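Trainee: Below you'll find the structure I mean.
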Amino acid sequence: MKKIKIMLVLVAAMFAIGAQAQKQALLVGYSQTDNVYEDENIKAELVRLSLKITNKTNKPLFVDRGSSFYYVNEDSYCLSEVGGSYDYKPLAPKSDTWVSTLINPIRGKYDAGGGSFGKGAKANYQTDLQLQVMNFMETMRYELANNDKKSCTSIHLTGDESFMKVKVYIKYDMKRYSAEDEKEREEHSFTISTWVSDLILSKYYIQDQDKVKRTNAVNIQGRMTDIMHVFANPPFEYDEDNSPIDIYVTEFEKGKFNIYRLGASDAEKDGKNGRGLLGGNTKDKKADEKEMKSNFEERSKARQVLIWEGETTNWVQALQDSYERYLIEDGEKPKKAKDIAKDFAKKAKDNQTLKK
């Protein structure tokens, strides 16, 4: 009986190891070719997938949300529906404003076999956009799985090749007017656009948030963002505040994978907040709207959240060396830092070595 119990424990352990999701970092880059518009009144730019508008004048500027639209491929969404209840929202003079949009169609659960979210759930329907994401992800996954020393793989896409093209049409007015007073209008309009231009799948590690230190006299708040270290080269000159790159973590399992943003809640990872307007089936609209947005404007401007370690042919050793440096910089003694980093790299190898 004892031998049987031991065998059952071993089988269970082997099953758990085999079922464990293999994680990779996913960096999604966006074209900067046509993503900026500027005139004497306004400057607007798509940064990643968030819309930033600057009022350059000394007077309020009014965006006509009811006549402004966000396009993802062939689908259109009125800004009054996805960005607020007011058709006209004033932008303060000489100020920057983030206009809320619906964005984050890449995030979600992907299942080649038509899986489900849970017991009793309907089949996990994939949109055309998501099917293309699956094809690109499988291509990159296969390349990494066939070379366990390779630290990253990437795909560059032109505007014609991209699976996701984004366009924003904005109508704005320099004067607030009533519907009866057409003469008071001073309307202008413009269009800006971007597309997914780069996909990078990379080995990585997370430098966790600092713990908050408390004393009797003062509360010292540490760094409150996770930092992702990726073993890849940036697709263009990188500046954390300006570069159009969204950061995700991808979990690969048999026949399926899950993409969620760095720092995502457990609810988002599990798909419990729905999948957004492009994925359908959302129950908590407020929670879903929060998760759908690109997280650019929420990032700390004080510290980077993405560090490019560079592509390498021995990523396990590179990860160990990098993690050891981080621990020493954080105050750990060199010998202990080396031992911790070695163990950390060994676990990372187990978690990030993709199966063929």
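The way I read the labels, and the way they are meant: chains A, B, ... in the order of the structure tokens, residue 1 as the first residue of every chain, and ligand 1 as the first ligand shown, with later ones counted on from there.
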Name the residues in contact with Tyr142 in chain A at a cut-off of 12 Å, using only C-alpha atoms, excluding same-chain residues fewer than 2 positions from it; report them as a list in words.
Mentor: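 So the residues in contact are Met134, Asn135, Phe136, Met137, Glu138, Thr139, Met140, Leu144, Ala145, Asn146, Asn147, Asp148, Lys150, Cys152, Thr153, Ser154, Leu201, Phe252, Thr353, Leu354, Lys355 and Lys356 of chain A.
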Trainee: Just to be explicit: take each residue in the selection above, keep N, CA, C and O atoms, and write the result as a tab-separated table (two decimals), in the first residue's frame.
Mentor:
chain	number	residue	atom	x	y	z
A	134	MET	N	-2.85	33.88	-33.23
A	134	MET	CA	-2.50	32.49	-32.96
A	134	MET	C	-1.46	31.97	-33.94
A	134	MET	O	-0.50	31.29	-33.55
A	135	ASN	N	-1.63	32.32	-35.22
A	135	ASN	CA	-0.68	31.86	-36.24
A	135	ASN	C	0.71	32.42	-36.00
A	135	ASN	O	1.71	31.69	-36.07
A	136	PHE	N	0.79	33.71	-35.72
A	136	PHE	CA	2.09	34.33	-35.48
A	136	PHE	C	2.73	33.80	-34.20
A	136	PHE	O	3.94	33.54	-34.15
A	137	MET	N	1.92	33.62	-33.16
A	137	MET	CA	2.44	33.13	-31.89
A	137	MET	C	2.97	31.71	-32.02
A	137	MET	O	4.01	31.36	-31.47
A	138	GLU	N	2.25	30.88	-32.78
A	138	GLU	CA	2.69	29.50	-32.96
A	138	GLU	C	4.00	29.44	-33.75
A	138	GLU	O	4.88	28.63	-33.46
A	139	THR	N	4.15	30.33	-34.73
A	139	THR	CA	5.39	30.40	-35.50
A	139	THR	C	6.57	30.73	-34.59
A	139	THR	O	7.63	30.08	-34.65
A	140	MET	N	6.40	31.71	-33.72
A	140	MET	CA	7.48	32.11	-32.82
A	140	MET	C	7.73	31.07	-31.74
A	140	MET	O	8.87	30.78	-31.39
A	144	LEU	N	11.36	29.00	-31.00
A	144	LEU	CA	12.03	28.93	-29.69
A	144	LEU	C	12.11	27.50	-29.18
A	144	LEU	O	13.10	27.10	-28.56
A	145	ALA	N	11.07	26.71	-29.44
A	145	ALA	CA	11.05	25.34	-28.96
A	145	ALA	C	12.10	24.48	-29.65
A	145	ALA	O	12.57	23.49	-29.08
A	146	ASN	N	12.49	24.84	-30.86
A	146	ASN	CA	13.48	24.06	-31.59
A	146	ASN	C	14.92	24.52	-31.35
A	146	ASN	O	15.84	23.97	-31.95
A	147	ASN	N	15.09	25.50	-30.52
A	147	ASN	CA	16.43	25.96	-30.15
A	147	ASN	C	16.39	26.45	-28.72
A	147	ASN	O	16.09	27.62	-28.46
A	148	ASP	N	16.67	25.55	-27.76
A	148	ASP	CA	16.49	25.90	-26.36
A	148	ASP	C	17.54	26.89	-25.85
A	148	ASP	O	17.43	27.38	-24.73
A	150	LYS	N	18.26	29.62	-27.69
A	150	LYS	CA	17.85	30.90	-28.29
A	150	LYS	C	17.03	31.69	-27.27
A	150	LYS	O	16.12	31.15	-26.65
A	152	CYS	N	15.28	34.63	-27.87
A	152	CYS	CA	14.12	35.34	-28.37
A	152	CYS	C	13.91	35.05	-29.85
A	152	CYS	O	14.79	34.52	-30.53
A	153	THR	N	12.75	35.42	-30.33
A	153	THR	CA	12.46	35.39	-31.76
A	153	THR	C	11.50	36.53	-32.04
A	153	THR	O	10.78	37.00	-31.15
A	154	SER	N	11.50	37.01	-33.28
A	154	SER	CA	10.69	38.19	-33.57
A	154	SER	C	10.13	38.13	-34.99
A	154	SER	O	10.64	37.41	-35.86
A	201	LEU	N	8.91	37.48	-28.96
A	201	LEU	CA	8.71	36.49	-27.91
A	201	LEU	C	10.07	36.24	-27.27
A	201	LEU	O	11.04	35.91	-27.97
A	252	PHE	N	1.92	29.33	-22.34
A	252	PHE	CA	1.62	28.30	-23.33
A	252	PHE	C	1.23	27.00	-22.63
A	252	PHE	O	1.93	26.54	-21.73
A	353	THR	N	11.53	26.73	-20.90
A	353	THR	CA	11.99	25.88	-22.00
A	353	THR	C	10.76	25.29	-22.68
A	353	THR	O	10.10	24.40	-22.15
A	354	LEU	N	10.45	25.80	-23.85
A	354	LEU	CA	9.24	25.39	-24.56
A	354	LEU	C	9.38	24.00	-25.16
A	354	LEU	O	10.46	23.61	-25.62
A	355	LYS	N	8.29	23.27	-25.15
A	355	LYS	CA	8.26	21.93	-25.75
A	355	LYS	C	8.00	22.05	-27.25
A	355	LYS	O	7.30	22.93	-27.70
A	356	LYS	N	8.59	21.12	-28.02
A	356	LYS	CA	8.44	21.12	-29.48
A	356	LYS	C	7.01	20.72	-29.86
A	356	LYS	O	6.34	20.02	-29.14
Trainee: With a distance cut-off of 7 Å and only C-alpha atoms, select the neighbouring residues of range 202-208 of chain A, excluding the residue or stretch itself and same-chain residues fewer than 2 positions from it, and output the selection as a ChimeraX atom specification.
Mentor: /A:24-26,151-153,200,210,226-232,352
Trainee: Tell me, in Å to one decimal, how far CA of Lys347 in chain A is from CA of Thr250 in chain A.
Mentor: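 About the pair CA of Lys347 in chain A and CA of Thr250 in chain A: they are 17.1 Å apart.
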Trainee: With only C-alpha atoms as the counted atoms, please give the residues lying no more than 7 Å from range 58-73 of chain A, apart from itself and same-chain residues fewer than 4 positions off, as a ChimeraX atom specification.
Mentor: /A:77-80,87-94,164-174,176
Trainee: I need the residues from that last selection saved to file as a compact mmCIF listing (two decimals), in the first residue's frame (with N, CA, C and O atoms), if you can.
Mentor:
# COMPACT_ATOMS: atom_id res chain seq x y z
N TYR A 77 -15.84 52.23 -33.47
CA TYR A 77 -16.44 52.50 -32.17
C TYR A 77 -16.47 54.00 -31.94
O TYR A 77 -15.46 54.67 -32.10
N CYS A 78 -17.63 54.50 -31.58
CA CYS A 78 -17.78 55.93 -31.31
C CYS A 78 -17.16 56.25 -29.95
O CYS A 78 -17.37 55.52 -28.97
N LEU A 79 -16.39 57.33 -29.87
CA LEU A 79 -15.72 57.68 -28.62
C LEU A 79 -16.70 58.02 -27.51
O LEU A 79 -16.39 57.87 -26.33
N SER A 80 -17.91 58.48 -27.85
CA SER A 80 -18.89 58.77 -26.81
C SER A 80 -19.37 57.50 -26.13
O SER A 80 -19.83 57.53 -24.99
N ASP A 87 -20.66 64.14 -24.95
CA ASP A 87 -20.27 64.27 -26.35
C ASP A 87 -19.15 65.29 -26.50
O ASP A 87 -18.23 65.12 -27.29
N TYR A 88 -19.25 66.38 -25.74
CA TYR A 88 -18.21 67.40 -25.78
C TYR A 88 -17.51 67.46 -24.44
O TYR A 88 -18.13 67.73 -23.41
N LYS A 89 -16.23 67.18 -24.43
CA LYS A 89 -15.46 67.21 -23.19
C LYS A 89 -14.35 68.24 -23.35
O LYS A 89 -13.48 68.10 -24.21
N PRO A 90 -14.35 69.30 -22.54
CA PRO A 90 -13.35 70.35 -22.70
C PRO A 90 -11.96 69.89 -22.28
O PRO A 90 -11.80 69.18 -21.30
N LEU A 91 -10.97 70.30 -23.07
CA LEU A 91 -9.58 70.06 -22.72
C LEU A 91 -9.00 71.38 -22.22
O LEU A 91 -9.11 72.41 -22.90
N ALA A 92 -8.39 71.36 -21.06
CA ALA A 92 -7.88 72.59 -20.44
C ALA A 92 -6.79 73.23 -21.30
O ALA A 92 -6.06 72.53 -22.01
N PRO A 93 -6.67 74.55 -21.26
CA PRO A 93 -5.63 75.24 -22.03
C PRO A 93 -4.23 74.77 -21.63
O PRO A 93 -3.96 74.49 -20.46
N LYS A 94 -3.35 74.68 -22.62
CA LYS A 94 -1.95 74.34 -22.41
C LYS A 94 -1.78 73.08 -21.55
O LYS A 94 -1.07 73.07 -20.55
N MET A 164 -3.39 43.78 -37.11
CA MET A 164 -4.20 44.78 -36.40
C MET A 164 -3.78 46.19 -36.79
O MET A 164 -2.67 46.63 -36.53
N LYS A 165 -4.71 46.88 -37.44
CA LYS A 165 -4.50 48.27 -37.84
C LYS A 165 -5.48 49.14 -37.06
O LYS A 165 -6.66 48.82 -36.97
N VAL A 166 -4.97 50.22 -36.51
CA VAL A 166 -5.78 51.10 -35.66
C VAL A 166 -5.80 52.49 -36.27
O VAL A 166 -4.76 53.01 -36.69
N LYS A 167 -6.99 53.08 -36.32
CA LYS A 167 -7.13 54.44 -36.85
C LYS A 167 -8.07 55.22 -35.93
O LYS A 167 -9.05 54.66 -35.42
N VAL A 168 -7.76 56.48 -35.72
CA VAL A 168 -8.61 57.34 -34.91
C VAL A 168 -8.98 58.58 -35.72
O VAL A 168 -8.10 59.26 -36.26
N TYR A 169 -10.29 58.83 -35.83
CA TYR A 169 -10.79 60.04 -36.47
C TYR A 169 -11.30 60.96 -35.37
O TYR A 169 -12.17 60.58 -34.58
N ILE A 170 -10.73 62.16 -35.28
CA ILE A 170 -11.10 63.10 -34.22
C ILE A 170 -11.69 64.36 -34.84
O ILE A 170 -11.13 64.94 -35.77
N LYS A 171 -12.81 64.79 -34.28
CA LYS A 171 -13.43 66.06 -34.64
C LYS A 171 -13.41 66.94 -33.40
O LYS A 171 -13.84 66.52 -32.33
N TYR A 172 -12.89 68.15 -33.53
CA TYR A 172 -12.84 69.03 -32.38
C TYR A 172 -13.32 70.43 -32.76
O TYR A 172 -13.36 70.79 -33.93
N ASP A 173 -13.70 71.22 -31.72
CA ASP A 173 -14.26 72.54 -31.92
C ASP A 173 -13.53 73.51 -30.99
O ASP A 173 -13.29 73.20 -29.82
N MET A 174 -13.19 74.68 -31.51
CA MET A 174 -12.51 75.68 -30.69
C MET A 174 -13.49 76.52 -29.88
O MET A 174 -13.10 77.28 -29.00
N ARG A 176 -17.39 76.34 -27.78
CA ARG A 176 -18.53 75.53 -27.35
C ARG A 176 -19.79 76.19 -27.90
O ARG A 176 -19.96 77.40 -27.81
Trainee: Which residues are close to Ala341 in chain A, i.e. within 10 Å by only C-alpha atoms, leaving aside same-chain residues fewer than 3 positions away? Reply as a PyMOL selection string.
Mentor: chain A and resi 317+319-327+335-338+344-347
Trainee: What does the file look like for those residues with N, CA, C and O atoms, as a PDB file, in the first residue's frame?
Mentor:
ATOM      1  N   GLN A 317      22.499  31.510 -18.516  1.00  0.00           N
ATOM      2  CA  GLN A 317      23.637  32.149 -17.864  1.00  0.00           C
ATOM      3  C   GLN A 317      23.461  33.671 -17.836  1.00  0.00           C
ATOM      4  O   GLN A 317      23.772  34.323 -16.831  1.00  0.00           O
ATOM      5  N   LEU A 319      20.646  35.292 -17.773  1.00  0.00           N
ATOM      6  CA  LEU A 319      19.630  35.585 -16.759  1.00  0.00           C
ATOM      7  C   LEU A 319      20.235  35.510 -15.362  1.00  0.00           C
ATOM      8  O   LEU A 319      19.979  36.374 -14.518  1.00  0.00           O
ATOM      9  N   GLN A 320      21.043  34.482 -15.110  1.00  0.00           N
ATOM     10  CA  GLN A 320      21.684  34.335 -13.804  1.00  0.00           C
ATOM     11  C   GLN A 320      22.575  35.542 -13.496  1.00  0.00           C
ATOM     12  O   GLN A 320      22.517  36.096 -12.394  1.00  0.00           O
ATOM     13  N   ASP A 321      23.374  35.952 -14.474  1.00  0.00           N
ATOM     14  CA  ASP A 321      24.276  37.083 -14.263  1.00  0.00           C
ATOM     15  C   ASP A 321      23.505  38.373 -14.005  1.00  0.00           C
ATOM     16  O   ASP A 321      23.866  39.164 -13.123  1.00  0.00           O
ATOM     17  N   SER A 322      22.450  38.586 -14.770  1.00  0.00           N
ATOM     18  CA  SER A 322      21.647  39.794 -14.613  1.00  0.00           C
ATOM     19  C   SER A 322      20.954  39.827 -13.258  1.00  0.00           C
ATOM     20  O   SER A 322      20.942  40.853 -12.571  1.00  0.00           O
ATOM     21  N   TYR A 323      20.383  38.690 -12.863  1.00  0.00           N
ATOM     22  CA  TYR A 323      19.667  38.626 -11.589  1.00  0.00           C
ATOM     23  C   TYR A 323      20.629  38.798 -10.418  1.00  0.00           C
ATOM     24  O   TYR A 323      20.301  39.428  -9.416  1.00  0.00           O
ATOM     25  N   GLU A 324      21.827  38.255 -10.565  1.00  0.00           N
ATOM     26  CA  GLU A 324      22.846  38.413  -9.521  1.00  0.00           C
ATOM     27  C   GLU A 324      23.219  39.889  -9.359  1.00  0.00           C
ATOM     28  O   GLU A 324      23.332  40.385  -8.235  1.00  0.00           O
ATOM     29  N   ARG A 325      23.402  40.595 -10.472  1.00  0.00           N
ATOM     30  CA  ARG A 325      23.715  42.030 -10.414  1.00  0.00           C
ATOM     31  C   ARG A 325      22.603  42.811  -9.733  1.00  0.00           C
ATOM     32  O   ARG A 325      22.859  43.686  -8.909  1.00  0.00           O
ATOM     33  N   TYR A 326      21.364  42.473 -10.071  1.00  0.00           N
ATOM     34  CA  TYR A 326      20.219  43.156  -9.470  1.00  0.00           C
ATOM     35  C   TYR A 326      20.182  42.940  -7.959  1.00  0.00           C
ATOM     36  O   TYR A 326      19.945  43.872  -7.189  1.00  0.00           O
ATOM     37  N   LEU A 327      20.453  41.700  -7.503  1.00  0.00           N
ATOM     38  CA  LEU A 327      20.442  41.409  -6.075  1.00  0.00           C
ATOM     39  C   LEU A 327      21.543  42.174  -5.343  1.00  0.00           C
ATOM     40  O   LEU A 327      21.318  42.700  -4.241  1.00  0.00           O
ATOM     41  N   LYS A 335      28.174  36.563  -2.368  1.00  0.00           N
ATOM     42  CA  LYS A 335      28.123  35.096  -2.364  1.00  0.00           C
ATOM     43  C   LYS A 335      26.681  34.604  -2.315  1.00  0.00           C
ATOM     44  O   LYS A 335      26.286  33.703  -3.063  1.00  0.00           O
ATOM     45  N   LYS A 336      25.890  35.221  -1.451  1.00  0.00           N
ATOM     46  CA  LYS A 336      24.495  34.809  -1.337  1.00  0.00           C
ATOM     47  C   LYS A 336      23.729  35.167  -2.609  1.00  0.00           C
ATOM     48  O   LYS A 336      22.873  34.399  -3.068  1.00  0.00           O
ATOM     49  N   ALA A 337      24.044  36.328  -3.185  1.00  0.00           N
ATOM     50  CA  ALA A 337      23.386  36.749  -4.423  1.00  0.00           C
ATOM     51  C   ALA A 337      23.661  35.752  -5.537  1.00  0.00           C
ATOM     52  O   ALA A 337      22.762  35.424  -6.323  1.00  0.00           O
ATOM     53  N   LYS A 338      24.898  35.243  -5.612  1.00  0.00           N
ATOM     54  CA  LYS A 338      25.249  34.270  -6.640  1.00  0.00           C
ATOM     55  C   LYS A 338      24.469  32.977  -6.472  1.00  0.00           C
ATOM     56  O   LYS A 338      23.963  32.402  -7.447  1.00  0.00           O
ATOM     57  N   PHE A 344      17.579  30.648  -9.054  1.00  0.00           N
ATOM     58  CA  PHE A 344      16.536  31.371  -9.789  1.00  0.00           C
ATOM     59  C   PHE A 344      16.604  31.033 -11.277  1.00  0.00           C
ATOM     60  O   PHE A 344      15.582  30.790 -11.925  1.00  0.00           O
ATOM     61  N   ALA A 345      17.826  31.008 -11.836  1.00  0.00           N
ATOM     62  CA  ALA A 345      18.013  30.712 -13.261  1.00  0.00           C
ATOM     63  C   ALA A 345      17.620  29.272 -13.587  1.00  0.00           C
ATOM     64  O   ALA A 345      17.062  28.987 -14.647  1.00  0.00           O
ATOM     65  N   LYS A 346      17.896  28.357 -12.663  1.00  0.00           N
ATOM     66  CA  LYS A 346      17.537  26.951 -12.870  1.00  0.00           C
ATOM     67  C   LYS A 346      16.020  26.795 -12.964  1.00  0.00           C
ATOM     68  O   LYS A 346      15.500  26.082 -13.831  1.00  0.00           O
ATOM     69  N   LYS A 347      15.301  27.480 -12.080  1.00  0.00           N
ATOM     70  CA  LYS A 347      13.840  27.414 -12.104  1.00  0.00           C
ATOM     71  C   LYS A 347      13.291  28.087 -13.362  1.00  0.00           C
ATOM     72  O   LYS A 347      12.321  27.613 -13.960  1.00  0.00           O
TER      73      LYS A 347
END
Trainee: Looking at A:Thr191, A:His156, A:Ala264, A:Glu186, which one is nearest to Tyr37 in chain A, with distances taken over only C-alpha atoms?
Mentor: A:Thr191
Trainee: Which is closest to Gln126 in chain A among A:Lys269, A:Arg261, A:Lys256, A:Arg141, if we use only C-alpha atoms?
Mentor: A:Lys256
Trainee: Suppose you want the space between CA of Leu46 in chain A and CA of Glu251 in chain A; what is it in Å?
Mentor: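 We find that CA of Leu46 in chain A and CA of Glu251 in chain A lie 28.0 Å from each other.
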Trainee: Taking 3 positions as the minimum chain separation for residues in the same chain, which residues sit within 10 Å of Gln130 in chain A when counting only C-alpha atoms? Answer as a list of chain:residue names.
Mentor: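 Close residues of Gln130 in chain A: A:Pro105, A:Ile106, A:Arg107, A:Gly108, A:Lys109, A:Tyr110, A:Asp111, A:Tyr125, A:Gln126, A:Thr127, A:Val133, A:Met134, A:Asn135, A:Phe136, A:Phe163, A:Met164, A:Leu278, A:Gly279.
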